[in-house]
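Engineer: Just passing along the structure, written as structure tokens.
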Protein chains: 2
Amino acid sequence: MYTRCIAGARTYQKVGTMITLNDKTYTCPVDVTLGFIGGKWKLLILSHLHWQEQSSYAKLKENLPGVSEKMLSQQLKELERDLLITKTMLSRKPYRVSYSLSAEGKSLAPLYEFVSSWGVRYLKQQGIDYIQDQQLYK
Amino acid sequence: MYTRCIAGARTYQKVGTMITLNDKTYTCPVDVTLGFIGGKWKLLILSHLHWQEQSSYAKLKENLPGVSEKMLSQQLKELERDLLITKTMLSRKPYRVSYSLSAEGKSLAPLYEFVSSWGVRYLKQQGIDYIQDQQLYK
DNA sequence: CAGTATCCTTAGCGATACTG
DNA sequence: CAGTATCGCTAAGGATACTG
């Protein structure tokens, strides 16, 4: 028996069961969302696609320093399965693909923006100005 | 050499170095934020405190089905070290403590709300009405 | 380019027992 | 109640080689 919370209203409920969805159980809506974006590299991939709009596999890899091929393709596959991103084949020969956010993935846009802004604010608070004197490209 | 993105503006920059903060390196502001909330149970703990306002160790444990004592105290310790939560001793004998969000932890409130709302919306879309016919307690 | 397959290590994590 | 300490395992993840 545990309590779980509801967004907006500061109320809670005593419940004995958890949320069941596709043979998995979740404790609360936050847990549900984490099931989609909780993977080690997922939020970085999604936010990258949020700003780049579309990206190749190689470009994603370049922009995620430290990710292994295994992890990148695994996380991409899960994101695609969960319908957060869309993979498009640009050409068969030479083989070119493009990843981009799906409508569902775009619905998380406020999250990408907030998480990034919070990071920028934190850095500034620590005396690191992330934006300052940066050379920007369109 | 990789590119990194900036919130708000859909621009990016070519950089050779990463962000360094307290001997750790980050690829972008999103990564920085994830350093604080990326732990396995952290967002669940934080959002629990967001709605409960304050909670004991036992109550936290009760509301995080599946968490081990080790993980709970480890994550709590990290959150406290990172100044996202505050621990208060209510009484020494019997020993009682209370965890709550710090100002820094509260600054992530839009995140808790959004992540929860997104989960609720997703569940509804799947035919699961999380709020419906629930017995609520104040 | 865009991955997959395999091997292998390590550290994240759970279970249990113990403490103030 | 509110934790800490220790042990041991397993699955996450890295490195490398290979494929269409």
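Identifiers in the structure tokens: chain A, B, ... in order shown; residue index from 1 per chain; ligand index from 1 in order shown.
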So that I can see what lies close to stretch 2-5 of chain D, please list as a list of chain:residue names the residues with an atom at most 8 Å from it, counting only C-alpha atoms (C1' of nucleotides) and leaving out residues fewer than 4 positions away in the same chain.

Structural biologist: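 So the residues in contact are B:Tyr57, B:Ala58, B:Ser73, B:Tyr95, B:Arg96, B:Val97, C:DC18, C:DT19.
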
Engineer: Write out the residues from the selection above, keeping N, CA and C atoms (P, O5', C5', C4', C3', O3' and C1' of nucleotides), as an mmCIF file, in the first residue's frame.

Structural biologist:
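Here's the written file result22.cif:
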data_model
loop_
_atom_site.group_PDB
_atom_site.id
_atom_site.type_symbol
_atom_site.label_atom_id
_atom_site.label_comp_id
_atom_site.auth_asym_id
_atom_site.auth_seq_id
_atom_site.Cartn_x
_atom_site.Cartn_y
_atom_site.Cartn_z
ATOM 1 N N TYR B 57 11.760 9.316 5.802
ATOM 2 C CA TYR B 57 12.470 8.277 5.067
ATOM 3 C C TYR B 57 11.538 7.092 4.794
ATOM 4 N N ALA B 58 10.791 6.714 5.812
ATOM 5 C CA ALA B 58 9.889 5.571 5.680
ATOM 6 C C ALA B 58 8.792 5.824 4.656
ATOM 7 N N SER B 73 18.885 5.644 0.187
ATOM 8 C CA SER B 73 19.753 6.518 0.976
ATOM 9 C C SER B 73 20.874 7.093 0.121
ATOM 10 N N TYR B 95 14.267 9.146 16.965
ATOM 11 C CA TYR B 95 14.918 9.754 15.811
ATOM 12 C C TYR B 95 13.925 9.945 14.680
ATOM 13 N N ARG B 96 13.708 11.206 14.319
ATOM 14 C CA ARG B 96 12.773 11.516 13.233
ATOM 15 C C ARG B 96 13.395 12.563 12.320
ATOM 16 N N VAL B 97 13.279 12.341 11.027
ATOM 17 C CA VAL B 97 13.804 13.321 10.073
ATOM 18 C C VAL B 97 12.729 13.676 9.054
ATOM 19 P P DC C 18 23.536 -10.224 11.888
ATOM 20 O "O5'" DC C 18 23.883 -8.690 12.177
ATOM 21 C "C5'" DC C 18 25.123 -8.147 11.702
ATOM 22 C "C4'" DC C 18 25.100 -6.635 11.819
ATOM 23 C "C3'" DC C 18 24.777 -6.117 13.232
ATOM 24 O "O3'" DC C 18 25.859 -5.334 13.712
ATOM 25 C "C1'" DC C 18 23.543 -4.932 11.563
ATOM 26 P P DT C 19 25.808 -4.697 15.191
ATOM 27 O "O5'" DT C 19 25.399 -3.192 14.900
ATOM 28 C "C5'" DT C 19 26.306 -2.323 14.218
ATOM 29 C "C4'" DT C 19 25.763 -0.899 14.269
ATOM 30 C "C3'" DT C 19 25.460 -0.400 15.687
ATOM 31 O "O3'" DT C 19 26.017 0.893 15.837
ATOM 32 C "C1'" DT C 19 23.591 -0.085 14.272
#

Engineer: Can you list, as a list in words, every protein, DNA or RNA residue that comes within 10 Å of A:Gly35 when you count only C-alpha atoms (C1' of nucleotides), leaving out same-chain residues fewer than 5 positions away?

Structural biologist: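 Those residues are Lys24, Thr25, Tyr26, Pro29, Val30 and Asp82 of chain A; Gly119 of chain B.
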
Engineer: Is it possible to get the superposed chain A, fitted on chain B over all Cα pairs by sequence order, as a PDB file with C-alpha atoms, in the first residue's frame?

Structural biologist:
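That gives us result_5.pdb:
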ATOM      1  CA  MET A   1      34.923  18.225 -32.576  1.00  0.00           C
ATOM      2  CA  TYR A   2      31.181  18.206 -32.095  1.00  0.00           C
ATOM      3  CA  THR A   3      28.320  20.635 -32.237  1.00  0.00           C
ATOM      4  CA  ARG A   4      26.190  21.559 -29.324  1.00  0.00           C
ATOM      5  CA  CYS A   5      22.865  23.235 -29.113  1.00  0.00           C
ATOM      6  CA  ILE A   6      21.454  26.175 -27.303  1.00  0.00           C
ATOM      7  CA  ALA A   7      17.994  26.455 -25.887  1.00  0.00           C
ATOM      8  CA  GLY A   8      15.656  28.854 -27.527  1.00  0.00           C
ATOM      9  CA  ALA A   9      17.772  29.702 -30.511  1.00  0.00           C
ATOM     10  CA  ARG A  10      17.944  26.958 -33.099  1.00  0.00           C
ATOM     11  CA  THR A  11      21.625  27.550 -33.528  1.00  0.00           C
ATOM     12  CA  TYR A  12      24.613  25.419 -32.838  1.00  0.00           C
ATOM     13  CA  GLN A  13      28.300  25.821 -32.485  1.00  0.00           C
ATOM     14  CA  LYS A  14      31.332  23.821 -33.326  1.00  0.00           C
ATOM     15  CA  VAL A  15      33.387  23.267 -30.235  1.00  0.00           C
ATOM     16  CA  GLY A  16      36.352  21.166 -29.329  1.00  0.00           C
ATOM     17  CA  THR A  17      35.932  21.212 -25.597  1.00  0.00           C
ATOM     18  CA  MET A  18      33.212  20.215 -23.216  1.00  0.00           C
ATOM     19  CA  ILE A  19      31.831  21.970 -20.183  1.00  0.00           C
ATOM     20  CA  THR A  20      33.899  21.288 -17.099  1.00  0.00           C
ATOM     21  CA  LEU A  21      32.346  21.603 -13.662  1.00  0.00           C
ATOM     22  CA  ASN A  22      33.655  20.090 -10.456  1.00  0.00           C
ATOM     23  CA  ASP A  23      36.051  17.769 -12.286  1.00  0.00           C
ATOM     24  CA  LYS A  24      33.274  16.364 -14.435  1.00  0.00           C
ATOM     25  CA  THR A  25      32.697  17.063 -18.086  1.00  0.00           C
ATOM     26  CA  TYR A  26      29.393  17.675 -19.779  1.00  0.00           C
ATOM     27  CA  THR A  27      28.496  17.916 -23.432  1.00  0.00           C
ATOM     28  CA  CYS A  28      25.750  20.511 -23.112  1.00  0.00           C
ATOM     29  CA  PRO A  29      23.392  22.182 -20.626  1.00  0.00           C
ATOM     30  CA  VAL A  30      20.959  19.283 -20.933  1.00  0.00           C
ATOM     31  CA  ASP A  31      23.760  17.014 -19.814  1.00  0.00           C
ATOM     32  CA  VAL A  32      24.469  19.321 -16.876  1.00  0.00           C
ATOM     33  CA  THR A  33      20.883  19.131 -15.674  1.00  0.00           C
ATOM     34  CA  LEU A  34      20.867  15.365 -16.149  1.00  0.00           C
ATOM     35  CA  GLY A  35      23.851  15.220 -13.849  1.00  0.00           C
ATOM     36  CA  PHE A  36      21.538  16.351 -11.069  1.00  0.00           C
ATOM     37  CA  ILE A  37      18.311  14.561 -11.873  1.00  0.00           C
ATOM     38  CA  GLY A  38      19.528  11.664 -14.003  1.00  0.00           C
ATOM     39  CA  GLY A  39      19.853   9.131 -11.204  1.00  0.00           C
ATOM     40  CA  LYS A  40      17.562   6.148 -11.312  1.00  0.00           C
ATOM     41  CA  TRP A  41      15.218   7.278  -8.553  1.00  0.00           C
ATOM     42  CA  LYS A  42      15.919  10.988  -8.350  1.00  0.00           C
ATOM     43  CA  LEU A  43      13.058  12.410 -10.360  1.00  0.00           C
ATOM     44  CA  LEU A  44      10.618  10.159  -8.522  1.00  0.00           C
ATOM     45  CA  ILE A  45      11.975  11.295  -5.162  1.00  0.00           C
ATOM     46  CA  LEU A  46      11.933  14.956  -6.163  1.00  0.00           C
ATOM     47  CA  SER A  47       8.436  14.881  -7.592  1.00  0.00           C
ATOM     48  CA  HIS A  48       7.216  13.013  -4.535  1.00  0.00           C
ATOM     49  CA  LEU A  49       8.575  15.805  -2.366  1.00  0.00           C
ATOM     50  CA  HIS A  50       7.083  18.337  -4.747  1.00  0.00           C
ATOM     51  CA  TRP A  51       3.585  17.061  -3.996  1.00  0.00           C
ATOM     52  CA  GLN A  52       4.019  15.890  -0.437  1.00  0.00           C
ATOM     53  CA  GLU A  53       6.048  18.976   0.490  1.00  0.00           C
ATOM     54  CA  GLN A  54       7.825  16.990   3.160  1.00  0.00           C
ATOM     55  CA  SER A  55       8.321  13.336   3.835  1.00  0.00           C
ATOM     56  CA  SER A  56      10.031  10.932   6.176  1.00  0.00           C
ATOM     57  CA  TYR A  57      12.487   8.267   5.084  1.00  0.00           C
ATOM     58  CA  ALA A  58       9.900   5.566   5.692  1.00  0.00           C
ATOM     59  CA  LYS A  59       7.225   7.377   3.743  1.00  0.00           C
ATOM     60  CA  LEU A  60       9.549   7.876   0.812  1.00  0.00           C
ATOM     61  CA  LYS A  61      10.359   4.196   0.831  1.00  0.00           C
ATOM     62  CA  GLU A  62       6.688   3.294   0.943  1.00  0.00           C
ATOM     63  CA  ASN A  63       5.985   5.496  -2.045  1.00  0.00           C
ATOM     64  CA  LEU A  64       8.797   4.183  -4.188  1.00  0.00           C
ATOM     65  CA  PRO A  65       7.860   0.544  -4.652  1.00  0.00           C
ATOM     66  CA  GLY A  66      10.907  -1.439  -5.609  1.00  0.00           C
ATOM     67  CA  VAL A  67      13.588   0.849  -4.249  1.00  0.00           C
ATOM     68  CA  SER A  68      16.173  -0.761  -1.993  1.00  0.00           C
ATOM     69  CA  GLU A  69      17.336   0.904   1.215  1.00  0.00           C
ATOM     70  CA  LYS A  70      20.772   1.219  -0.291  1.00  0.00           C
ATOM     71  CA  MET A  71      19.591   3.039  -3.369  1.00  0.00           C
ATOM     72  CA  LEU A  72      17.186   5.277  -1.502  1.00  0.00           C
ATOM     73  CA  SER A  73      19.752   6.517   0.980  1.00  0.00           C
ATOM     74  CA  GLN A  74      22.362   6.833  -1.742  1.00  0.00           C
ATOM     75  CA  GLN A  75      20.132   8.926  -3.980  1.00  0.00           C
ATOM     76  CA  LEU A  76      18.939  11.034  -1.042  1.00  0.00           C
ATOM     77  CA  LYS A  77      22.531  11.684  -0.076  1.00  0.00           C
ATOM     78  CA  GLU A  78      23.420  12.820  -3.589  1.00  0.00           C
ATOM     79  CA  LEU A  79      20.364  15.046  -3.817  1.00  0.00           C
ATOM     80  CA  GLU A  80      21.274  16.586  -0.492  1.00  0.00           C
ATOM     81  CA  ARG A  81      24.898  17.054  -1.552  1.00  0.00           C
ATOM     82  CA  ASP A  82      23.708  18.747  -4.752  1.00  0.00           C
ATOM     83  CA  LEU A  83      21.495  21.021  -2.651  1.00  0.00           C
ATOM     84  CA  LEU A  84      18.266  19.955  -4.306  1.00  0.00           C
ATOM     85  CA  ILE A  85      16.728  18.684  -1.081  1.00  0.00           C
ATOM     86  CA  THR A  86      17.016  19.561   2.573  1.00  0.00           C
ATOM     87  CA  LYS A  87      17.081  17.145   5.477  1.00  0.00           C
ATOM     88  CA  THR A  88      15.787  18.316   8.811  1.00  0.00           C
ATOM     89  CA  MET A  89      16.036  16.476  12.087  1.00  0.00           C
ATOM     90  CA  LEU A  90      12.663  16.664  13.773  1.00  0.00           C
ATOM     91  CA  SER A  91      13.649  14.964  17.010  1.00  0.00           C
ATOM     92  CA  ARG A  92      16.663  13.142  18.312  1.00  0.00           C
ATOM     93  CA  LYS A  93      14.883  10.659  20.514  1.00  0.00           C
ATOM     94  CA  PRO A  94      12.937   9.078  18.973  1.00  0.00           C
ATOM     95  CA  TYR A  95      14.944   9.764  15.838  1.00  0.00           C
ATOM     96  CA  ARG A  96      12.780  11.537  13.249  1.00  0.00           C
ATOM     97  CA  VAL A  97      13.816  13.339  10.067  1.00  0.00           C
ATOM     98  CA  SER A  98      12.054  15.182   7.324  1.00  0.00           C
ATOM     99  CA  TYR A  99      13.067  15.610   3.713  1.00  0.00           C
ATOM    100  CA  SER A 100      11.848  18.487   1.581  1.00  0.00           C
ATOM    101  CA  LEU A 101      12.766  20.390  -1.550  1.00  0.00           C
ATOM    102  CA  SER A 102      15.272  23.211  -1.249  1.00  0.00           C
ATOM    103  CA  ALA A 103      14.873  26.416  -3.239  1.00  0.00           C
ATOM    104  CA  GLU A 104      17.022  24.830  -5.933  1.00  0.00           C
ATOM    105  CA  GLY A 105      14.866  21.726  -5.898  1.00  0.00           C
ATOM    106  CA  LYS A 106      11.735  23.843  -6.136  1.00  0.00           C
ATOM    107  CA  SER A 107      13.142  25.617  -9.165  1.00  0.00           C
ATOM    108  CA  LEU A 108      12.592  22.354 -11.021  1.00  0.00           C
ATOM    109  CA  ALA A 109       8.869  22.426 -10.239  1.00  0.00           C
ATOM    110  CA  PRO A 110       7.801  23.021 -13.861  1.00  0.00           C
ATOM    111  CA  LEU A 111       9.682  19.848 -14.714  1.00  0.00           C
ATOM    112  CA  TYR A 112       7.815  17.733 -12.164  1.00  0.00           C
ATOM    113  CA  GLU A 113       4.506  19.129 -13.320  1.00  0.00           C
ATOM    114  CA  PHE A 114       5.242  18.636 -16.995  1.00  0.00           C
ATOM    115  CA  VAL A 115       6.606  15.126 -16.687  1.00  0.00           C
ATOM    116  CA  SER A 116       3.608  14.088 -14.609  1.00  0.00           C
ATOM    117  CA  SER A 117       1.085  15.763 -16.904  1.00  0.00           C
ATOM    118  CA  TRP A 118       2.680  14.166 -19.929  1.00  0.00           C
ATOM    119  CA  GLY A 119       2.363  10.777 -18.258  1.00  0.00           C
ATOM    120  CA  VAL A 120      -1.281  11.388 -17.402  1.00  0.00           C
ATOM    121  CA  ARG A 121      -1.986  12.494 -20.957  1.00  0.00           C
ATOM    122  CA  TYR A 122      -0.229   9.450 -22.357  1.00  0.00           C
ATOM    123  CA  LEU A 123      -2.177   7.108 -20.113  1.00  0.00           C
ATOM    124  CA  LYS A 124      -5.437   8.746 -21.116  1.00  0.00           C
ATOM    125  CA  GLN A 125      -4.470   8.343 -24.762  1.00  0.00           C
ATOM    126  CA  GLN A 126      -4.010   4.637 -24.028  1.00  0.00           C
ATOM    127  CA  GLY A 127      -7.458   4.451 -22.497  1.00  0.00           C
ATOM    128  CA  ILE A 128      -6.269   4.585 -18.900  1.00  0.00           C
ATOM    129  CA  ASP A 129      -7.822   7.382 -16.933  1.00  0.00           C
ATOM    130  CA  TYR A 130      -5.512   7.948 -14.027  1.00  0.00           C
ATOM    131  CA  ILE A 131      -7.643  10.506 -12.262  1.00  0.00           C
ATOM    132  CA  GLN A 132     -11.033   8.950 -12.805  1.00  0.00           C
ATOM    133  CA  ASP A 133     -12.857   7.512  -9.809  1.00  0.00           C
ATOM    134  CA  GLN A 134      -9.914   7.902  -7.498  1.00  0.00           C
ATOM    135  CA  GLN A 135     -10.427   8.432  -3.830  1.00  0.00           C
ATOM    136  CA  LEU A 136      -8.550  11.545  -2.937  1.00  0.00           C
ATOM    137  CA  TYR A 137      -7.157  12.576   0.424  1.00  0.00           C
ATOM    138  CA  LYS A 138      -6.087  16.028   1.381  1.00  0.00           C
TER     139      LYS A 138
END

Engineer: Pick out each residue of stretch 58-134 of chain B that DSSP on the backbone tags as strand (DSSP E); I need them as an mmCIF file with N, CA and C atoms, in the first residue's frame.

Structural biologist:
data_model
loop_
_atom_site.group_PDB
_atom_site.id
_atom_site.type_symbol
_atom_site.label_atom_id
_atom_site.label_comp_id
_atom_site.auth_asym_id
_atom_site.auth_seq_id
_atom_site.Cartn_x
_atom_site.Cartn_y
_atom_site.Cartn_z
ATOM 1 N N ILE B 85 17.647 18.964 -2.201
ATOM 2 C CA ILE B 85 16.730 18.688 -1.090
ATOM 3 C C ILE B 85 17.383 19.063 0.234
ATOM 4 N N THR B 86 16.548 19.200 1.245
ATOM 5 C CA THR B 86 17.023 19.553 2.578
ATOM 6 C C THR B 86 16.549 18.496 3.561
ATOM 7 N N LYS B 87 17.439 18.118 4.440
ATOM 8 C CA LYS B 87 17.084 17.147 5.468
ATOM 9 C C LYS B 87 17.036 17.852 6.811
ATOM 10 N N THR B 88 15.956 17.655 7.511
ATOM 11 C CA THR B 88 15.796 18.296 8.814
ATOM 12 C C THR B 88 15.581 17.236 9.882
ATOM 13 N N MET B 89 16.264 17.376 10.990
ATOM 14 C CA MET B 89 16.021 16.446 12.084
ATOM 15 C C MET B 89 14.874 16.983 12.924
ATOM 16 N N LEU B 90 13.832 16.193 13.022
ATOM 17 C CA LEU B 90 12.652 16.647 13.764
ATOM 18 C C LEU B 90 12.833 16.393 15.263
ATOM 19 N N SER B 91 13.372 15.243 15.592
ATOM 20 C CA SER B 91 13.624 14.949 17.002
ATOM 21 C C SER B 91 14.753 13.931 17.093
ATOM 22 N N ARG B 96 13.708 11.206 14.319
ATOM 23 C CA ARG B 96 12.773 11.516 13.233
ATOM 24 C C ARG B 96 13.395 12.563 12.320
ATOM 25 N N VAL B 97 13.279 12.341 11.027
ATOM 26 C CA VAL B 97 13.804 13.321 10.073
ATOM 27 C C VAL B 97 12.729 13.676 9.054
ATOM 28 N N SER B 98 12.989 14.727 8.336
ATOM 29 C CA SER B 98 12.057 15.168 7.311
ATOM 30 C C SER B 98 12.825 15.655 6.094
ATOM 31 N N TYR B 99 12.444 15.156 4.947
ATOM 32 C CA TYR B 99 13.062 15.601 3.697
ATOM 33 C C TYR B 99 12.113 16.538 2.970
ATOM 34 N N SER B 100 12.677 17.570 2.371
ATOM 35 C CA SER B 100 11.849 18.487 1.580
ATOM 36 C C SER B 100 12.698 19.116 0.492
ATOM 37 N N LEU B 101 12.050 19.732 -0.463
ATOM 38 C CA LEU B 101 12.773 20.377 -1.549
ATOM 39 C C LEU B 101 13.415 21.675 -1.059
#

Engineer: Tell me, as a PyMOL selection string, which residues lie within 10 Å of D:DA12, counting only C-alpha atoms (C1' of nucleotides); anything in the same chain fewer than 2 positions away does not count.

Structural biologist: (chain A and resi 71) or (chain C and resi 10-12) or (chain D and resi 10+14)

Engineer: Can you tell me, as a list of chain:residue names, what residues are no more than 12 Å from C:DC8 when counting only C-alpha atoms (C1' of nucleotides), ignoring any on the same chain fewer than 6 positions away?

Structural biologist: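 Using only C-alpha atoms (C1' of nucleotides), the neighbours found are D:DG13, D:DG14, D:DA15, D:DT16.
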
Engineer: So the first atom is atom C1' of C:DT9 and the second is atom C1' of D:DC18; what is the distance between them in Å, to one decimal place?

Structural biologist: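 For atom C1' of C:DT9 relative to atom C1' of D:DC18, the distance reads 21.3 Å.
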
Engineer: Among chain B, which ones does DSSP assign to alpha helix (DSSP H) (computed from the backbone)? Answer as a ChimeraX atom specification.

Structural biologist: /B:29-37,42-52,57-63,69-81,103-106,109-125

Engineer: What's the separation between atom C1' of D:DT19 and atom C1' of C:DG3, in Å to one decimal place?

Structural biologist: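 Straight-line distance from atom C1' of D:DT19 to atom C1' of C:DG3 works out to 8.5 Å.
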
Engineer: Figure out the distance between atom C1' of C:DA5 and atom C1' of D:DG8, please, to one decimal in Å.

Structural biologist: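 If I compute the distance from atom C1' of D:DG8 to atom C1' of C:DA5, I get 29.2 Å.
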